[in-house]
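Undergrad: One structure coming up, written as structure tokens, with questions to follow.
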Amino acid sequence: MKIEVRLFARARDAVGAERVTLELPAEARVGDLRAALAADYPKLAPLAHTLLVAVGTEYADDRSAVSPDSEIACFPPVSGG
Amino acid sequence: MIHLTHDQIDYAALTESVRSHDSGAVVLFLGTVRELTSGRRTVALDYDAYGPMAEAKLQDLEAEARRRWPVDQVAIVHRIGHLELGDVSVAVAVSCPHRHDAFEAARFLIDTLKVTVPIWKKENWSDGTTEWVHPDGAPTAENKVAPVRPLDLRNVSLPAAPK
């Protein structure tokens, strides 16, 4: 399945795009998405261990399900305020 | 009232918006663009946000504050875009019947906002370089959520009352 991932902050700058599309097996989980992102975009490697993933408007852990309907975002730790 | 804005934050109006006859205490927190960080000079900050999630997380924060304290009204506004030195980046206003709850709720809201709401700042340093600020994830003095505990006033000496 094709999954579109929104990127923010340093992750966006590293990849040079606001959105990327990943090809993942059916029933993939967030951990698989994370691995595919690192494999397809080696420039994210230095950030990979810090990246957070959101499915919809909630933080997701590596076991969370991913579907083509999900709004998925990936970003480094937040620094608002 | 929760929102993100590209405009200057009218914190006087925001403070007024949480006042009511049910509350005897209003606390306002402002975050402002500071010049010096660890000896380096900031000339501006750029803020970006994942808007829908940031607003959802701010709503969650308000709900959690209401669960923990008898909050009357809450208003949180975070500014996005290019901010100059001294500009207000975030305003949190809370009203409660009594001050202890208002202080604690406001502190919880800003401390938790800084670690859970998807907003990022980019430093524009005085040497012309730019740099996204990404805490390393481990709690530090700068980004940890401080435990909220009652004030211990036993060792605080108050100035003598004027005669």
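Ligands are numbered from 1 in the order shown, chains are lettered A, B, ... in the order of the structure tokens, and residues start at 1 in each chain.
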Leaving out Gly56 of chain A and any residue of its chain fewer than 6 positions from it, which residues lie within 8 Å of it when counting only C-alpha atoms, given as a ChimeraX atom specification?

TA: /A:70-72 /B:53

Undergrad: Residues at most 7 Å from Val15 of chain A, counting only C-alpha atoms, excluding those fewer than 4 positions away in the same chain, as a list of chain:residue names?

TA: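 The contact residues come out as A:Ala11, A:Tyr41, A:Lys43, A:Leu44.
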
Undergrad: What would the file look like if the residues just selected were written as a PDB file, in the first residue's frame with N, CA and C atoms?

TA:
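Final file, result.pdb:
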```
ATOM      1  N   ALA A  11      13.294  17.303   9.966  1.00  0.00           N
ATOM      2  CA  ALA A  11      13.040  16.150   9.087  1.00  0.00           C
ATOM      3  C   ALA A  11      12.659  16.630   7.688  1.00  0.00           C
ATOM      4  N   TYR A  41      15.235   7.305   2.726  1.00  0.00           N
ATOM      5  CA  TYR A  41      15.770   8.671   2.890  1.00  0.00           C
ATOM      6  C   TYR A  41      16.943   8.648   3.874  1.00  0.00           C
ATOM      7  N   LYS A  43      19.207  10.538   4.423  1.00  0.00           N
ATOM      8  CA  LYS A  43      19.521  11.804   5.103  1.00  0.00           C
ATOM      9  C   LYS A  43      18.784  11.933   6.439  1.00  0.00           C
ATOM     10  N   LEU A  44      17.773  11.094   6.641  1.00  0.00           N
ATOM     11  CA  LEU A  44      17.072  11.115   7.936  1.00  0.00           C
ATOM     12  C   LEU A  44      17.811  10.291   8.988  1.00  0.00           C
TER      13      LEU A  44
END
```

Undergrad: For a test of reading the model, state the distance in Å between atom CA of Phe108 of chain B and atom CA of Ala91 of chain B, rounded to one decimal.

TA: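 Between these atoms lies a distance of 13.3 Å.
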
Undergrad: So that I can see what lies close to Asp61 of chain A, please list as a ChimeraX atom specification the residues with an atom at most 12 Å from it, counting only C-alpha atoms and leaving out residues fewer than 3 positions away in the same chain.

TA: /A:29-34,51-55,58,64-66,74

Undergrad: For the residues in that selection, give me C-alpha atoms as an mmCIF file, in the first residue's frame.

TA:
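Output below, filename out.cif:
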```
data_model
loop_
_atom_site.group_PDB
_atom_site.id
_atom_site.type_symbol
_atom_site.label_atom_id
_atom_site.label_comp_id
_atom_site.auth_asym_id
_atom_site.auth_seq_id
_atom_site.Cartn_x
_atom_site.Cartn_y
_atom_site.Cartn_z
ATOM 1 C CA ARG A 29 2.742 -0.967 11.445
ATOM 2 C CA VAL A 30 4.424 2.265 12.473
ATOM 3 C CA GLY A 31 7.710 0.406 13.101
ATOM 4 C CA ASP A 32 7.688 -0.754 9.466
ATOM 5 C CA LEU A 33 6.963 2.778 8.317
ATOM 6 C CA ARG A 34 9.860 4.077 10.370
ATOM 7 C CA LEU A 51 11.657 10.860 15.211
ATOM 8 C CA LEU A 52 8.094 10.795 16.499
ATOM 9 C CA VAL A 53 5.210 9.442 14.440
ATOM 10 C CA ALA A 54 1.625 10.639 14.637
ATOM 11 C CA VAL A 55 -1.364 8.780 13.212
ATOM 12 C CA GLU A 58 -2.291 11.110 18.239
ATOM 13 C CA SER A 64 0.278 1.075 15.922
ATOM 14 C CA ALA A 65 -1.507 0.148 12.709
ATOM 15 C CA VAL A 66 -1.074 2.140 9.521
ATOM 16 C CA CYS A 74 6.787 12.267 11.245
#
```

Undergrad: Which residues are near Ser23 of chain B? Cut-off 7 Å, only C-alpha atoms, ignore same chain within fewer than 3 positions. Put them as JSON, numbers by chain.

TA: {"B": [19, 20, 72, 95, 96, 97, 98]}

Undergrad: Give one line per residue of chain B that approaches chain A to at most 6 Å, naming the two atoms of the closest pair and their distance in Å to one decimal, counting only C-alpha atoms; sort by chain then ascending residue number and deliver it as a Markdown table.

TA:
```
| residue | atom | partner | partner_atom | distance |
| --- | --- | --- | --- | --- |
| B:Met53 | CA | A:Thr57 | CA | 4.5 |
| B:Val90 | CA | A:Gly81 | CA | 5.8 |
| B:Lys114 | CA | A:Gly80 | CA | 5.3 |
| B:Pro118 | CA | A:Val78 | CA | 5.4 |
| B:Ile119 | CA | A:Gly80 | CA | 4.7 |
| B:Trp120 | CA | A:Ser79 | CA | 4.6 |
| B:Lys121 | CA | A:Ser79 | CA | 5.8 |
| B:His134 | CA | A:Pro77 | CA | 5.2 |
| B:Pro135 | CA | A:Pro77 | CA | 5.9 |
```

Undergrad: Mind pulling up the distance from atom CA of Leu61 of chain B to atom CA of Leu109 of chain B?

TA: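 A separation of 6.4 Å between them.
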
Undergrad: As a PyMOL selection string, please: every residue in chain A that a backbone DSSP assignment puts in alpha helix (DSSP H).

TA: chain A and resi 9-15+30-40
